[in-house]
Amino acid sequence: YKRVTTKSLVDMKSNGEKISMLTAYDYTMAKIVDGAGIDVILVGDSASNVMAGHETTLPITLDQMIYHASSVIRAVERALVVVDLPFGSYQSDPKEALRSAIRIMKESGGHAVKLEGGKEIKDSIKRILNAGVPVMGHLGLTPQSIYKFGTYTVRAKEEEEALQLIEDAKMLERIGCFAIVLEKIPAKLAKQVAESVSIPIIGIGAGNGVDGQVLVLHDMIGMTHEFNPRFLRRYMNLFEDMTSAISQYVDDVKSVDFPNESEQY
Ligand code: KIV
Ligand code: NA
């Protein structure tokens, strides 16, 4: 099968084919996700929450992101792999941003990077794009700014923030980003953004008027169970299935049911 590229995603938008995207942070999961036919795999800094158990995405380091991304890359044959630049690796100046993006591309083999923000990081994004590294934007609820927002509720409900978001999306398209993630904003606004740019808009909690959808893998397979936003559809309940499998194993060990005759040498 043909590899998904940044160009194929833009073509999908013009052909009206929706783009599917999920996170993955390790080899085994990425192998399953890629084999199932996903278009884009995001090595998200949500690894900070999902893999490391931090409360926010802020603590994860560039080295840790590179470790996750290189594990994912070893598994993937078809999907486009996008890697988040973590908090603190691009905000201070464009040179630092470029250095971080280059480390990700060289050391993990990822195909593109994602940065959170609009006009405030425009020069950094331009610098990365100039080096030939594809950039995915991320607007709306940008979790690296959670301490500025003070809450995980829907963004851009007020006109001022909505207008700025539209402007930022147009700017990201103009400078050459290949796609934008819109997180947790009103569906109507997300649709409006998707209609006003020609690059794909990938939504999470942004309704179905956009060009594709992204979810955190561990949430959609129900491995996590305390996080229950309205936008999350659970396709499995792995938390319950794993809990019962593991407690069955505990019982089998305790009762000397496992291993049996055919499970030993
Ligand atoms: O880190 C992440 O998982 C993300 C997606 C939710 C878009 O940035
Ligand atoms: Na992220």
# chains A, B, ... in the order shown; residues from 1 in each chain; ligands from 1

call {"tool": "select_by_dssp", "arguments": {"residues": "region 6-222 of chain A", "states": "helix (DSSP H, G or I)", "output": "number ranges by chain"}}
result
A: 6-15, 27-35, 47-50, 62-73, 94-108, 119-130, 143-149, 159-175, 187-196, 217-220

call {"tool": "residues_near_ligand", "arguments": {"ligand": "ligand 2", "cutoff": "9 Å", "atoms": "only C-alpha atoms and all ligand atoms", "output": "list in words"}}
result
Leu42, Val43, Gly44, Asp45, Ser46, Ala47, Thr57, Val83, Asp84, Leu85, Pro86, Lys114, Leu115, Glu116, His138, Thr142, Pro143 and Gln144 of chain A

call {"tool": "closest_residue", "arguments": {"among": "A:Gln91, A:Thr56, A:Thr5, A:Ser48", "to": "Gly110 (chain A)", "atoms": "only C-alpha atoms"}}
result
A:Thr5

call {"tool": "residues_around", "arguments": {"residues": "Ala101 (chain A)", "least_positions_apart": "4", "cutoff": "10 Å", "atoms": "only C-alpha atoms", "output": "ChimeraX atom specification"}}
result
/A:62,83-85,89-90,95-97,105-107,110,112-115,125,127-129,131,133-135

call {"tool": "write_last_selection", "arguments": {"atoms": "N, CA and C atoms", "output": "PDB file, in the first residue's frame"}}
result
ATOM      1  N   LEU A  62      11.723  16.658  25.461  1.00  0.00           N
ATOM      2  CA  LEU A  62      12.028  16.377  24.056  1.00  0.00           C
ATOM      3  C   LEU A  62      12.646  14.983  23.914  1.00  0.00           C
ATOM      4  N   VAL A  83       4.746  14.236  15.112  1.00  0.00           N
ATOM      5  CA  VAL A  83       5.266  14.229  16.488  1.00  0.00           C
ATOM      6  C   VAL A  83       5.085  15.607  17.117  1.00  0.00           C
ATOM      7  N   ASP A  84       4.507  15.636  18.330  1.00  0.00           N
ATOM      8  CA  ASP A  84       4.344  16.901  19.051  1.00  0.00           C
ATOM      9  C   ASP A  84       5.682  17.448  19.523  1.00  0.00           C
ATOM     10  N   LEU A  85       5.900  18.747  19.321  1.00  0.00           N
ATOM     11  CA  LEU A  85       7.023  19.399  20.006  1.00  0.00           C
ATOM     12  C   LEU A  85       6.524  19.687  21.425  1.00  0.00           C
ATOM     13  N   SER A  89      10.153  23.366  24.296  1.00  0.00           N
ATOM     14  CA  SER A  89      11.147  23.019  23.273  1.00  0.00           C
ATOM     15  C   SER A  89      11.058  23.945  22.062  1.00  0.00           C
ATOM     16  N   TYR A  90      10.099  24.904  22.074  1.00  0.00           N
ATOM     17  CA  TYR A  90       9.973  25.789  20.902  1.00  0.00           C
ATOM     18  C   TYR A  90       9.518  27.206  21.232  1.00  0.00           C
ATOM     19  N   LYS A  95      15.084  29.749  16.661  1.00  0.00           N
ATOM     20  CA  LYS A  95      16.246  28.860  16.525  1.00  0.00           C
ATOM     21  C   LYS A  95      16.102  27.624  17.389  1.00  0.00           C
ATOM     22  N   GLU A  96      15.610  27.834  18.602  1.00  0.00           N
ATOM     23  CA  GLU A  96      15.389  26.709  19.509  1.00  0.00           C
ATOM     24  C   GLU A  96      14.312  25.791  18.919  1.00  0.00           C
ATOM     25  N   ALA A  97      13.272  26.388  18.358  1.00  0.00           N
ATOM     26  CA  ALA A  97      12.189  25.603  17.758  1.00  0.00           C
ATOM     27  C   ALA A  97      12.737  24.739  16.620  1.00  0.00           C
ATOM     28  N   MET A 105      13.173  14.996  13.845  1.00  0.00           N
ATOM     29  CA  MET A 105      13.264  14.392  12.510  1.00  0.00           C
ATOM     30  C   MET A 105      14.463  13.443  12.409  1.00  0.00           C
ATOM     31  N   LYS A 106      15.625  13.872  12.909  1.00  0.00           N
ATOM     32  CA  LYS A 106      16.837  13.048  12.801  1.00  0.00           C
ATOM     33  C   LYS A 106      16.813  11.843  13.726  1.00  0.00           C
ATOM     34  N   GLU A 107      16.426  12.064  14.985  1.00  0.00           N
ATOM     35  CA  GLU A 107      16.594  11.018  15.998  1.00  0.00           C
ATOM     36  C   GLU A 107      15.414  10.046  16.074  1.00  0.00           C
ATOM     37  N   GLY A 110      10.457  10.633  12.523  1.00  0.00           N
ATOM     38  CA  GLY A 110       9.086  11.118  12.314  1.00  0.00           C
ATOM     39  C   GLY A 110       8.976  11.876  11.004  1.00  0.00           C
ATOM     40  N   ALA A 112       6.698  14.607  10.445  1.00  0.00           N
ATOM     41  CA  ALA A 112       6.235  15.990  10.570  1.00  0.00           C
ATOM     42  C   ALA A 112       6.168  16.318  12.057  1.00  0.00           C
ATOM     43  N   VAL A 113       6.081  17.610  12.373  1.00  0.00           N
ATOM     44  CA  VAL A 113       5.937  18.010  13.773  1.00  0.00           C
ATOM     45  C   VAL A 113       4.657  18.823  13.954  1.00  0.00           C
ATOM     46  N   LYS A 114       4.179  18.871  15.189  1.00  0.00           N
ATOM     47  CA  LYS A 114       3.009  19.686  15.536  1.00  0.00           C
ATOM     48  C   LYS A 114       3.380  20.632  16.670  1.00  0.00           C
ATOM     49  N   LEU A 115       2.955  21.878  16.529  1.00  0.00           N
ATOM     50  CA  LEU A 115       3.211  22.911  17.553  1.00  0.00           C
ATOM     51  C   LEU A 115       1.887  23.555  17.932  1.00  0.00           C
ATOM     52  N   ILE A 125       7.424  28.651  13.460  1.00  0.00           N
ATOM     53  CA  ILE A 125       6.858  27.727  12.462  1.00  0.00           C
ATOM     54  C   ILE A 125       7.496  27.977  11.095  1.00  0.00           C
ATOM     55  N   ARG A 127      10.419  29.153  10.429  1.00  0.00           N
ATOM     56  CA  ARG A 127      11.804  28.664  10.473  1.00  0.00           C
ATOM     57  C   ARG A 127      11.856  27.151  10.255  1.00  0.00           C
ATOM     58  N   ILE A 128      10.941  26.437  10.896  1.00  0.00           N
ATOM     59  CA  ILE A 128      10.901  24.971  10.769  1.00  0.00           C
ATOM     60  C   ILE A 128      10.511  24.586   9.333  1.00  0.00           C
ATOM     61  N   LEU A 129       9.502  25.277   8.806  1.00  0.00           N
ATOM     62  CA  LEU A 129       9.057  25.011   7.435  1.00  0.00           C
ATOM     63  C   LEU A 129      10.178  25.287   6.431  1.00  0.00           C
ATOM     64  N   ALA A 131      13.212  24.821   6.800  1.00  0.00           N
ATOM     65  CA  ALA A 131      14.192  23.731   6.827  1.00  0.00           C
ATOM     66  C   ALA A 131      13.643  22.476   6.149  1.00  0.00           C
ATOM     67  N   VAL A 133      10.792  20.881   7.040  1.00  0.00           N
ATOM     68  CA  VAL A 133      10.057  20.002   7.959  1.00  0.00           C
ATOM     69  C   VAL A 133       8.577  20.388   7.930  1.00  0.00           C
ATOM     70  N   PRO A 134       7.685  19.452   7.567  1.00  0.00           N
ATOM     71  CA  PRO A 134       6.260  19.764   7.536  1.00  0.00           C
ATOM     72  C   PRO A 134       5.721  20.052   8.946  1.00  0.00           C
ATOM     73  N   VAL A 135       4.850  21.064   9.032  1.00  0.00           N
ATOM     74  CA  VAL A 135       4.291  21.456  10.332  1.00  0.00           C
ATOM     75  C   VAL A 135       2.771  21.363  10.320  1.00  0.00           C
TER      76      VAL A 135
END

call {"tool": "closest_residue", "arguments": {"among": "A:Glu183, A:Asp39, A:Glu261, A:Asp241", "to": "ligand 1", "atoms": "only C-alpha atoms and all ligand atoms"}}
result
A:Glu183

call {"tool": "closest_residue", "arguments": {"among": "A:Pro59, A:Gly150, A:Gly203, A:Pro186", "to": "ligand 1", "atoms": "only C-alpha atoms and all ligand atoms"}}
result
A:Gly203

call {"tool": "closest_residue", "arguments": {"among": "A:Leu98, A:Asn208, A:Leu22, A:Glu226", "to": "ligand 1", "atoms": "only C-alpha atoms and all ligand atoms"}}
result
A:Leu22

call {"tool": "closest_residue", "arguments": {"among": "A:Val72, A:Leu172, A:Val10, A:Ile19", "to": "Val33 (chain A)", "atoms": "only C-alpha atoms"}}
result
A:Val72

call {"tool": "residues_around", "arguments": {"residues": "Ala169 (chain A)", "least_positions_apart": "2", "cutoff": "10 Å", "atoms": "only C-alpha atoms", "output": "list in words"}}
result
Gly117, Gly118, Lys119, Gly137, His138, Leu139, Leu163, Gln164, Leu165, Ile166, Glu167, Met171, Leu172, Glu173, Arg174, Cys177, Ala179, Ile180, Val181, Leu182, Val193, Ala194, Ser196, Val197, Ile199 and Ile201 of chain A

call {"tool": "select_by_dssp", "arguments": {"residues": "region 68-177 of chain A", "states": "strand (DSSP E or B)", "output": "PyMOL selection string"}}
result
chain A and resi 80-84+112-114+135-140

call {"tool": "write_last_selection", "arguments": {"atoms": "C-alpha atoms", "output": "PDB file, in the first residue's frame"}}
result
ATOM      1  CA  LEU A  80       1.923   9.606   8.299  1.00  0.00           C
ATOM      2  CA  VAL A  81       3.593  10.018  11.700  1.00  0.00           C
ATOM      3  CA  VAL A  82       3.317  13.474  13.296  1.00  0.00           C
ATOM      4  CA  VAL A  83       5.266  14.229  16.488  1.00  0.00           C
ATOM      5  CA  ASP A  84       4.344  16.901  19.051  1.00  0.00           C
ATOM      6  CA  ALA A 112       6.235  15.990  10.570  1.00  0.00           C
ATOM      7  CA  VAL A 113       5.937  18.010  13.773  1.00  0.00           C
ATOM      8  CA  LYS A 114       3.009  19.686  15.536  1.00  0.00           C
ATOM      9  CA  VAL A 135       4.291  21.456  10.332  1.00  0.00           C
ATOM     10  CA  MET A 136       0.810  20.708  11.637  1.00  0.00           C
ATOM     11  CA  GLY A 137      -0.776  23.568  13.617  1.00  0.00           C
ATOM     12  CA  HIS A 138      -2.899  23.202  16.750  1.00  0.00           C
ATOM     13  CA  LEU A 139      -5.437  25.860  17.833  1.00  0.00           C
ATOM     14  CA  GLY A 140      -8.353  26.124  20.246  1.00  0.00           C
TER      15      GLY A 140
END

call {"tool": "residues_around", "arguments": {"residues": "Ala162 (chain A)", "least_positions_apart": "5", "cutoff": "9 Å", "atoms": "only C-alpha atoms", "output": "list in words"}}
result
Gly140, Arg155, Ala156, Lys157, Glu167, Ile185 and Leu189 of chain A

call {"tool": "write_last_selection", "arguments": {"atoms": "C-alpha atoms", "output": "PDB file, in the first residue's frame"}}
result
ATOM      1  CA  GLY A 140      -8.353  26.124  20.246  1.00  0.00           C
ATOM      2  CA  ARG A 155     -12.504  27.581  23.833  1.00  0.00           C
ATOM      3  CA  ALA A 156     -13.445  30.395  21.442  1.00  0.00           C
ATOM      4  CA  LYS A 157     -17.064  30.769  22.537  1.00  0.00           C
ATOM      5  CA  GLU A 167      -7.105  34.640  11.647  1.00  0.00           C
ATOM      6  CA  ILE A 185     -14.216  24.618  20.079  1.00  0.00           C
ATOM      7  CA  LEU A 189     -16.758  27.777  14.303  1.00  0.00           C
TER       8      LEU A 189
END

call {"tool": "atom_distance", "arguments": {"atom1": "CA of Tyr27 (chain A)", "atom2": "CA of Ile104 (chain A)"}}
result
16.7 Å

call {"tool": "closest_residue", "arguments": {"among": "A:Asn130, A:Ser100, A:Thr151, A:Ser20", "to": "ligand 1", "atoms": "only C-alpha atoms and all ligand atoms"}}
result
A:Ser20

call {"tool": "residues_around", "arguments": {"residues": "Thr153 (chain A)", "least_positions_apart": "3", "cutoff": "9 Å", "atoms": "only C-alpha atoms", "output": "PyMOL selection string"}}
result
chain A and resi 141+149+184-185

call {"tool": "atom_distance", "arguments": {"atom1": "CA of Thr243 (chain A)", "atom2": "CA of His218 (chain A)"}}
result
14.9 Å

call {"tool": "atom_distance", "arguments": {"atom1": "atom 7 (C, counted along the ligand's line) of ligand 1", "atom2": "CA of Gly88 (chain A)"}}
result
17.7 Å
